[in-house]
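Below is entry-v9.cif, which holds mmCIF, N, CA and C atoms and all ligand atoms.
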```
data_my_file
#
loop_
_atom_site.label_atom_id
_atom_site.label_comp_id
_atom_site.auth_asym_id
_atom_site.auth_seq_id
_atom_site.Cartn_x
_atom_site.Cartn_y
_atom_site.Cartn_z
N MET X 1 85.22 128.25 116.40
CA MET X 1 86.05 127.67 115.32
C MET X 1 85.45 126.35 114.85
N ARG X 2 85.52 126.14 113.53
CA ARG X 2 84.99 124.88 113.01
C ARG X 2 85.90 123.73 113.39
N SER X 3 85.28 122.62 113.80
CA SER X 3 86.13 121.45 114.11
C SER X 3 86.63 120.86 112.80
N GLY X 4 87.73 120.09 112.89
CA GLY X 4 88.29 119.45 111.71
C GLY X 4 87.28 118.58 110.99
N ILE X 5 86.47 117.84 111.76
CA ILE X 5 85.51 116.91 111.15
C ILE X 5 84.44 117.69 110.39
N ARG X 6 83.96 118.79 111.02
CA ARG X 6 82.92 119.58 110.38
C ARG X 6 83.44 120.21 109.09
N ARG X 7 84.67 120.68 109.15
CA ARG X 7 85.25 121.30 107.97
C ARG X 7 85.44 120.26 106.86
N GLN X 8 85.90 119.06 107.26
CA GLN X 8 86.11 118.02 106.24
C GLN X 8 84.78 117.68 105.55
N LYS X 9 83.68 117.60 106.34
CA LYS X 9 82.37 117.29 105.77
C LYS X 9 81.92 118.41 104.83
N GLU X 10 82.14 119.65 105.26
CA GLU X 10 81.77 120.82 104.44
C GLU X 10 82.52 120.79 103.10
N TYR X 11 83.81 120.52 103.16
CA TYR X 11 84.63 120.48 101.95
C TYR X 11 84.22 119.30 101.06
N THR X 12 84.00 118.14 101.68
CA THR X 12 83.62 116.96 100.89
C THR X 12 82.30 117.21 100.17
N ASP X 13 81.34 117.82 100.88
CA ASP X 13 80.04 118.12 100.26
C ASP X 13 80.24 119.09 99.08
N PHE X 14 81.12 120.08 99.29
CA PHE X 14 81.38 121.03 98.21
C PHE X 14 82.02 120.31 97.02
N LEU X 15 83.00 119.44 97.29
CA LEU X 15 83.68 118.73 96.19
C LEU X 15 82.69 117.89 95.39
N LYS X 16 81.66 117.36 96.08
CA LYS X 16 80.65 116.55 95.39
C LYS X 16 79.77 117.39 94.46
N SER X 17 79.85 118.72 94.61
CA SER X 17 79.08 119.59 93.72
C SER X 17 79.91 120.01 92.50
N VAL X 18 81.18 119.60 92.47
CA VAL X 18 82.04 119.96 91.33
C VAL X 18 81.95 118.82 90.30
N PRO X 19 81.32 119.08 89.13
CA PRO X 19 81.01 117.98 88.20
C PRO X 19 82.19 117.06 87.90
N LYS X 20 83.38 117.62 87.67
CA LYS X 20 84.50 116.75 87.25
C LYS X 20 85.18 116.06 88.43
N LEU X 21 84.80 116.38 89.65
CA LEU X 21 85.42 115.74 90.82
C LEU X 21 84.46 114.82 91.56
N LYS X 22 83.16 115.01 91.33
CA LYS X 22 82.17 114.37 92.20
C LYS X 22 82.21 112.84 92.15
N ASP X 23 82.75 112.28 91.05
CA ASP X 23 82.76 110.83 90.94
C ASP X 23 84.01 110.18 91.52
N LEU X 24 84.88 110.98 92.10
CA LEU X 24 86.04 110.39 92.79
C LEU X 24 85.52 109.53 93.95
N PRO X 25 86.21 108.42 94.27
CA PRO X 25 85.77 107.61 95.41
C PRO X 25 85.73 108.45 96.69
N GLU X 26 84.78 108.13 97.56
CA GLU X 26 84.59 108.88 98.82
C GLU X 26 85.91 109.02 99.59
N GLU X 27 86.69 107.94 99.60
CA GLU X 27 87.95 107.96 100.37
C GLU X 27 88.91 109.03 99.81
N ILE X 28 88.95 109.12 98.48
CA ILE X 28 89.83 110.12 97.85
C ILE X 28 89.29 111.53 98.12
N LEU X 29 87.95 111.70 97.99
CA LEU X 29 87.35 113.01 98.27
C LEU X 29 87.69 113.44 99.70
N ASN X 30 87.63 112.50 100.64
CA ASN X 30 87.96 112.84 102.03
C ASN X 30 89.42 113.26 102.16
N GLN X 31 90.29 112.57 101.43
CA GLN X 31 91.73 112.93 101.50
C GLN X 31 91.97 114.29 100.86
N VAL X 32 91.28 114.55 99.74
CA VAL X 32 91.40 115.89 99.13
C VAL X 32 90.94 116.93 100.15
N ALA X 33 89.76 116.69 100.75
CA ALA X 33 89.20 117.65 101.72
C ALA X 33 90.17 117.89 102.87
N ASP X 34 90.85 116.86 103.31
CA ASP X 34 91.82 116.97 104.42
C ASP X 34 93.00 117.87 104.07
N ASN X 35 93.29 117.98 102.79
CA ASN X 35 94.50 118.70 102.36
C ASN X 35 94.23 120.08 101.75
N LEU X 36 92.95 120.49 101.77
CA LEU X 36 92.61 121.79 101.18
C LEU X 36 92.93 122.94 102.13
N ASP X 37 93.39 124.04 101.56
CA ASP X 37 93.55 125.29 102.32
C ASP X 37 92.61 126.32 101.73
N GLU X 38 92.17 127.26 102.57
CA GLU X 38 91.33 128.35 102.06
C GLU X 38 92.21 129.54 101.71
N CYS X 39 92.01 130.10 100.50
CA CYS X 39 92.80 131.25 100.09
C CYS X 39 91.83 132.35 99.66
N HIS X 40 92.12 133.60 100.06
CA HIS X 40 91.24 134.72 99.73
C HIS X 40 92.00 135.74 98.87
N TYR X 41 91.33 136.27 97.88
CA TYR X 41 91.95 137.25 96.96
C TYR X 41 91.02 138.45 96.82
N THR X 42 91.63 139.63 96.72
CA THR X 42 90.82 140.84 96.55
C THR X 42 90.56 141.09 95.06
N ASN X 43 89.53 141.89 94.80
CA ASN X 43 89.14 142.16 93.41
C ASN X 43 90.34 142.71 92.62
N GLY X 44 90.62 142.12 91.46
CA GLY X 44 91.72 142.59 90.62
C GLY X 44 93.07 141.93 90.92
N GLU X 45 93.12 141.17 91.99
CA GLU X 45 94.40 140.53 92.36
C GLU X 45 94.73 139.38 91.39
N TYR X 46 96.02 139.27 91.05
CA TYR X 46 96.45 138.14 90.21
C TYR X 46 96.66 136.91 91.09
N ILE X 47 95.84 135.91 90.88
CA ILE X 47 95.97 134.66 91.64
C ILE X 47 97.10 133.84 91.01
N ILE X 48 97.16 133.88 89.69
CA ILE X 48 98.20 133.19 88.92
C ILE X 48 98.73 134.18 87.89
N ARG X 49 100.05 134.18 87.71
CA ARG X 49 100.66 135.01 86.65
C ARG X 49 101.28 134.12 85.58
N GLN X 50 100.90 134.41 84.35
CA GLN X 50 101.45 133.68 83.20
C GLN X 50 102.98 133.74 83.26
N GLY X 51 103.62 132.58 83.06
CA GLY X 51 105.09 132.54 83.03
C GLY X 51 105.73 132.23 84.37
N ALA X 52 104.95 132.35 85.46
CA ALA X 52 105.52 132.08 86.79
C ALA X 52 105.52 130.57 87.06
N ARG X 53 106.38 130.15 87.96
CA ARG X 53 106.31 128.75 88.39
C ARG X 53 105.14 128.61 89.37
N GLY X 54 104.54 127.44 89.41
CA GLY X 54 103.39 127.30 90.30
C GLY X 54 103.28 125.90 90.87
N ASP X 55 102.79 125.82 92.10
CA ASP X 55 102.67 124.52 92.78
C ASP X 55 101.29 124.30 93.37
N THR X 56 100.29 125.05 92.87
CA THR X 56 98.98 124.99 93.52
C THR X 56 97.87 124.78 92.49
N PHE X 57 96.88 123.98 92.89
CA PHE X 57 95.66 123.73 92.12
C PHE X 57 94.52 124.42 92.89
N TYR X 58 93.61 125.07 92.18
CA TYR X 58 92.59 125.90 92.82
C TYR X 58 91.18 125.48 92.40
N ILE X 59 90.26 125.53 93.36
CA ILE X 59 88.83 125.37 93.06
C ILE X 59 88.14 126.62 93.63
N ILE X 60 87.30 127.25 92.82
CA ILE X 60 86.64 128.49 93.28
C ILE X 60 85.48 128.15 94.22
N ALA X 61 85.52 128.75 95.41
CA ALA X 61 84.45 128.52 96.40
C ALA X 61 83.49 129.70 96.46
N LYS X 62 83.97 130.90 96.08
CA LYS X 62 83.10 132.10 96.05
C LYS X 62 83.64 133.10 95.03
N GLY X 63 82.74 133.70 94.27
CA GLY X 63 83.15 134.76 93.35
C GLY X 63 83.50 134.22 91.96
N GLN X 64 84.09 135.08 91.16
CA GLN X 64 84.50 134.64 89.82
C GLN X 64 85.88 135.20 89.47
N VAL X 65 86.52 134.54 88.51
CA VAL X 65 87.85 134.98 88.07
C VAL X 65 87.85 135.11 86.55
N LYS X 66 88.79 135.93 86.05
CA LYS X 66 88.99 136.03 84.61
C LYS X 66 90.25 135.26 84.25
N VAL X 67 90.20 134.52 83.15
CA VAL X 67 91.40 133.88 82.61
C VAL X 67 91.87 134.78 81.49
N THR X 68 93.10 135.27 81.57
CA THR X 68 93.61 136.16 80.52
C THR X 68 94.94 135.63 80.02
N LYS X 69 95.29 136.04 78.81
CA LYS X 69 96.55 135.59 78.23
C LYS X 69 97.15 136.73 77.43
N LYS X 70 98.47 136.86 77.56
CA LYS X 70 99.16 137.95 76.86
C LYS X 70 99.38 137.58 75.40
N ASP X 71 99.03 138.50 74.50
CA ASP X 71 99.28 138.31 73.08
C ASP X 71 100.78 138.50 72.84
N LYS X 72 101.41 137.51 72.17
CA LYS X 72 102.87 137.57 72.00
C LYS X 72 103.31 138.81 71.22
N LYS X 73 102.49 139.21 70.24
CA LYS X 73 102.90 140.35 69.40
C LYS X 73 102.63 141.69 70.08
N THR X 74 101.39 141.86 70.58
CA THR X 74 101.02 143.19 71.11
C THR X 74 101.31 143.32 72.61
N SER X 75 101.56 142.20 73.29
CA SER X 75 101.74 142.17 74.75
C SER X 75 100.47 142.56 75.50
N GLU X 76 99.35 142.68 74.78
CA GLU X 76 98.09 143.02 75.47
C GLU X 76 97.44 141.76 76.03
N GLU X 77 96.72 141.94 77.14
CA GLU X 77 96.06 140.79 77.77
C GLU X 77 94.64 140.62 77.22
N ALA X 78 94.36 139.46 76.69
CA ALA X 78 93.00 139.18 76.20
C ALA X 78 92.30 138.27 77.21
N VAL X 79 91.01 138.54 77.44
CA VAL X 79 90.22 137.69 78.35
C VAL X 79 89.77 136.45 77.57
N LEU X 80 90.15 135.27 78.05
CA LEU X 80 89.77 134.03 77.37
C LEU X 80 88.41 133.53 77.84
N ARG X 81 88.17 133.64 79.12
CA ARG X 81 86.89 133.18 79.69
C ARG X 81 86.80 133.63 81.14
N THR X 82 85.61 133.47 81.72
CA THR X 82 85.48 133.69 83.17
C THR X 82 85.09 132.36 83.81
N LEU X 83 85.49 132.20 85.05
CA LEU X 83 85.19 130.97 85.79
C LEU X 83 84.43 131.34 87.07
N GLN X 84 83.56 130.45 87.49
CA GLN X 84 82.67 130.71 88.64
C GLN X 84 82.88 129.66 89.73
N LYS X 85 82.08 129.81 90.78
CA LYS X 85 82.09 128.84 91.88
C LYS X 85 81.99 127.42 91.34
N GLY X 86 82.86 126.54 91.83
CA GLY X 86 82.85 125.14 91.41
C GLY X 86 83.79 124.86 90.24
N ASP X 87 84.25 125.94 89.57
CA ASP X 87 85.24 125.73 88.51
C ASP X 87 86.63 125.61 89.12
N PHE X 88 87.54 124.98 88.39
CA PHE X 88 88.91 124.83 88.90
C PHE X 88 89.91 125.33 87.88
N PHE X 89 91.13 125.57 88.32
CA PHE X 89 92.20 126.02 87.41
C PHE X 89 93.55 125.74 88.06
N GLY X 90 94.60 125.84 87.21
CA GLY X 90 95.96 125.69 87.72
C GLY X 90 96.53 124.30 87.55
N GLU X 91 95.81 123.44 86.79
CA GLU X 91 96.29 122.05 86.64
C GLU X 91 97.47 121.95 85.66
N ARG X 92 97.55 122.90 84.73
CA ARG X 92 98.53 122.74 83.64
C ARG X 92 99.97 122.76 84.13
N ALA X 93 100.30 123.72 84.97
CA ALA X 93 101.69 123.83 85.45
C ALA X 93 102.03 122.67 86.39
N LEU X 94 101.01 121.95 86.86
CA LEU X 94 101.28 120.84 87.78
C LEU X 94 101.50 119.53 87.04
N GLN X 95 101.16 119.53 85.76
CA GLN X 95 101.29 118.27 85.02
C GLN X 95 102.75 117.94 84.69
N ASN X 96 103.50 118.94 84.26
CA ASN X 96 104.87 118.65 83.83
C ASN X 96 105.90 119.55 84.47
N GLU X 97 105.56 120.10 85.64
CA GLU X 97 106.45 121.04 86.32
C GLU X 97 106.82 122.20 85.42
N GLU X 98 105.87 122.61 84.60
CA GLU X 98 106.13 123.74 83.72
C GLU X 98 105.53 125.00 84.32
N VAL X 99 105.68 126.11 83.58
CA VAL X 99 105.21 127.38 84.13
C VAL X 99 103.73 127.60 83.82
N ARG X 100 103.16 128.59 84.47
CA ARG X 100 101.75 128.93 84.29
C ARG X 100 101.51 129.42 82.85
N THR X 101 100.44 128.92 82.25
CA THR X 101 100.21 129.19 80.83
C THR X 101 99.22 130.34 80.59
N ALA X 102 98.64 130.89 81.65
CA ALA X 102 97.71 132.02 81.52
C ALA X 102 97.67 132.75 82.86
N ASN X 103 97.04 133.94 82.86
CA ASN X 103 96.81 134.66 84.12
C ASN X 103 95.44 134.29 84.67
N ILE X 104 95.33 134.31 85.98
CA ILE X 104 94.02 134.19 86.62
C ILE X 104 93.86 135.40 87.54
N VAL X 105 92.80 136.18 87.29
CA VAL X 105 92.62 137.45 88.00
C VAL X 105 91.27 137.44 88.73
N ALA X 106 91.30 137.76 90.02
CA ALA X 106 90.04 137.82 90.81
C ALA X 106 89.13 138.89 90.20
N ASP X 107 87.84 138.57 90.05
CA ASP X 107 86.91 139.47 89.37
C ASP X 107 85.57 139.50 90.12
N ASN X 108 85.62 139.98 91.35
CA ASN X 108 84.41 140.07 92.16
C ASN X 108 84.63 141.13 93.23
N LYS X 109 83.71 142.08 93.33
CA LYS X 109 83.98 143.22 94.22
C LYS X 109 84.14 142.79 95.69
N ASP X 110 83.49 141.69 96.07
CA ASP X 110 83.64 141.21 97.46
C ASP X 110 84.80 140.23 97.61
N GLY X 111 85.61 140.08 96.56
CA GLY X 111 86.75 139.17 96.64
C GLY X 111 86.40 137.76 96.19
N VAL X 112 87.42 136.94 96.11
CA VAL X 112 87.28 135.56 95.62
C VAL X 112 87.88 134.62 96.66
N ASP X 113 87.12 133.57 96.98
CA ASP X 113 87.65 132.52 97.86
C ASP X 113 87.93 131.27 97.04
N CYS X 114 89.09 130.70 97.25
CA CYS X 114 89.42 129.44 96.57
C CYS X 114 89.80 128.39 97.61
N LEU X 115 89.59 127.14 97.24
CA LEU X 115 90.16 126.04 98.01
C LEU X 115 91.37 125.58 97.22
N CYS X 116 92.51 125.51 97.90
CA CYS X 116 93.79 125.30 97.23
C CYS X 116 94.41 123.97 97.67
N LEU X 117 95.03 123.32 96.70
CA LEU X 117 95.65 122.01 96.95
C LEU X 117 97.09 122.07 96.49
N ASP X 118 98.02 121.57 97.28
CA ASP X 118 99.43 121.65 96.87
C ASP X 118 99.75 120.58 95.82
N ARG X 119 100.92 120.77 95.21
CA ARG X 119 101.33 119.90 94.10
C ARG X 119 101.32 118.41 94.48
N ASP X 120 101.87 118.08 95.65
CA ASP X 120 101.95 116.66 96.03
C ASP X 120 100.56 116.04 96.15
N SER X 121 99.65 116.76 96.81
CA SER X 121 98.30 116.21 96.99
C SER X 121 97.60 116.12 95.63
N TYR X 122 97.78 117.14 94.79
CA TYR X 122 97.18 117.10 93.44
C TYR X 122 97.68 115.87 92.69
N THR X 123 99.02 115.67 92.71
CA THR X 123 99.61 114.56 91.96
C THR X 123 99.08 113.22 92.46
N GLN X 124 99.03 113.10 93.77
CA GLN X 124 98.62 111.84 94.39
C GLN X 124 97.13 111.56 94.21
N LEU X 125 96.29 112.59 94.33
CA LEU X 125 94.85 112.35 94.47
C LEU X 125 94.03 112.69 93.23
N ILE X 126 94.50 113.63 92.41
CA ILE X 126 93.64 114.14 91.33
C ILE X 126 94.22 113.94 89.94
N SER X 127 95.56 113.92 89.81
CA SER X 127 96.17 113.98 88.47
C SER X 127 95.78 112.79 87.59
N SER X 128 95.37 111.68 88.19
CA SER X 128 95.01 110.52 87.36
C SER X 128 93.61 110.70 86.73
N LEU X 129 92.87 111.71 87.17
CA LEU X 129 91.54 111.99 86.59
C LEU X 129 91.73 112.71 85.26
N GLY X 130 91.58 112.00 84.17
CA GLY X 130 91.81 112.58 82.85
C GLY X 130 90.97 113.82 82.58
N GLU X 131 89.74 113.82 83.13
CA GLU X 131 88.85 114.97 82.89
C GLU X 131 89.42 116.26 83.45
N VAL X 132 90.30 116.13 84.45
CA VAL X 132 90.95 117.31 85.01
C VAL X 132 92.29 117.53 84.34
N SER X 133 93.15 116.52 84.39
CA SER X 133 94.54 116.71 83.98
C SER X 133 94.70 116.88 82.47
N LEU X 134 93.77 116.31 81.69
CA LEU X 134 93.90 116.40 80.23
C LEU X 134 92.89 117.36 79.62
N ARG X 135 92.36 118.25 80.46
CA ARG X 135 91.32 119.16 79.98
C ARG X 135 91.83 119.98 78.79
N GLN X 136 91.01 120.07 77.76
CA GLN X 136 91.35 120.87 76.57
C GLN X 136 90.60 122.18 76.61
N TYR X 137 91.21 123.21 76.07
CA TYR X 137 90.53 124.52 76.02
C TYR X 137 90.20 124.89 74.59
BR1 LIG Q 201 90.34 127.83 82.81
C1 LIG Q 201 91.62 128.06 81.55
N1 LIG Q 201 91.38 128.29 80.27
C2 LIG Q 201 92.60 128.33 79.70
C3 LIG Q 201 92.98 128.53 78.33
O1 LIG Q 201 92.17 128.72 77.43
N2 LIG Q 201 94.32 128.49 78.08
C4 LIG Q 201 95.24 128.29 79.09
N3 LIG Q 201 96.52 128.26 78.73
N4 LIG Q 201 94.90 128.11 80.38
C5 LIG Q 201 93.59 128.13 80.68
N5 LIG Q 201 92.95 127.96 81.83
C6 LIG Q 201 93.54 127.76 83.16
C7 LIG Q 201 94.37 126.45 83.27
O2 LIG Q 201 93.92 125.78 84.43
O3 LIG Q 201 94.43 128.82 83.45
C8 LIG Q 201 95.46 128.28 84.22
C9 LIG Q 201 96.74 129.08 84.34
O4 LIG Q 201 97.68 128.32 85.10
C10 LIG Q 201 95.77 126.96 83.48
O5 LIG Q 201 96.63 126.18 84.29
P1 LIG Q 201 98.07 126.86 84.59
O6 LIG Q 201 98.80 127.00 83.31
O7 LIG Q 201 98.71 126.12 85.68
#
```
Target encoding structure tokens, full file:
Amino acid sequence: MRSGIRRQKEYTDFLKSVPKLKDLPEEILNQVADNLDECHYTNGEYIIRQGARGDTFYIIAKGQVKVTKKDKKTSEEAVLRTLQKGDFFGERALQNEEVRTANIVADNKDGVDCLCLDRDSYTQLISSLGEVSLRQY
């Protein structure tokens, strides 16, 4: 089993490879790393469902996901983009306690691994980073 210290170093190194997070102060990166959980999803699984309440922020550690959104008129799901390792998602519903604004679907035959952060840790450690919280699509 990985020791806590080794895992924290592994996570901190990974966070430093994420362009929009890498400039956070080392102390904050360490606190983020301390609060991350590993989550695994199988191919095709909905990680986030549009319209649901959500309390988690995600960073992709392995695989890719599709971002999809339901068309109000046709109810069909359109793919908006795909995200890869090092990309993040799920910040929108954490900004104003609102619901999820799109679907996130695992899109990798070997599954998708994410590092997940709860609402409190996101609010405390990351939400002040405009590049994350105010991201425009
Ligand atoms: Br990534 C991404 N691209 C989009 C987009 O074009 N529109 C919307 N509404 N959301 C997008 N997202 C991410 C964003 O992080 O999909 C997430 C769904 O849950 C969203 O945050 P969320 O609304 O919490």
- Message: With distances taken over only C-alpha atoms, which residue among X:Phe89, X:Tyr11, X:Tyr137, X:Tyr58 lies nearest Asp34 in chain X?
- Response: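 Using only C-alpha atoms, the shortest distance to Asp34 in chain X belongs to X:Tyr11.
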Q. Between CA of Val132 in chain X and atom C of Asn96 in chain X, what is the spacing in Å?
A.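 For atom C of Asn96 in chain X relative to CA of Val132 in chain X, the distance reads 15.1 Å.
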Pick out the residues no farther than 6 Å from ligand LIG 201 (chain Q), counting only C-alpha atoms and all ligand atoms, and list them as a PyMOL selection string.
chain X and resi 67+80+89-93+100-103+137
Which centre and which edge lengths, in Å to one decimal, describe the axis-aligned box that holds all listed atoms of range 11-20 of chain X after 3 Å is added on each side, as lines of an AutoDock Vina configuration file?
```
center_x = 82.1
center_y = 118.5
center_z = 95.2
size_x = 12.1
size_y = 11.0
size_z = 21.9
```
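With all atoms listed in the file as the atoms that count, the residue of X:Leu36, X:Ile48, X:Val18, X:Leu129 with the shortest distance to Lys85 in chain X is X:Val18.
Here atom N of Gln95 in chain X is placed at a distance of 21.9 Å from atom C of Pro25 in chain X.
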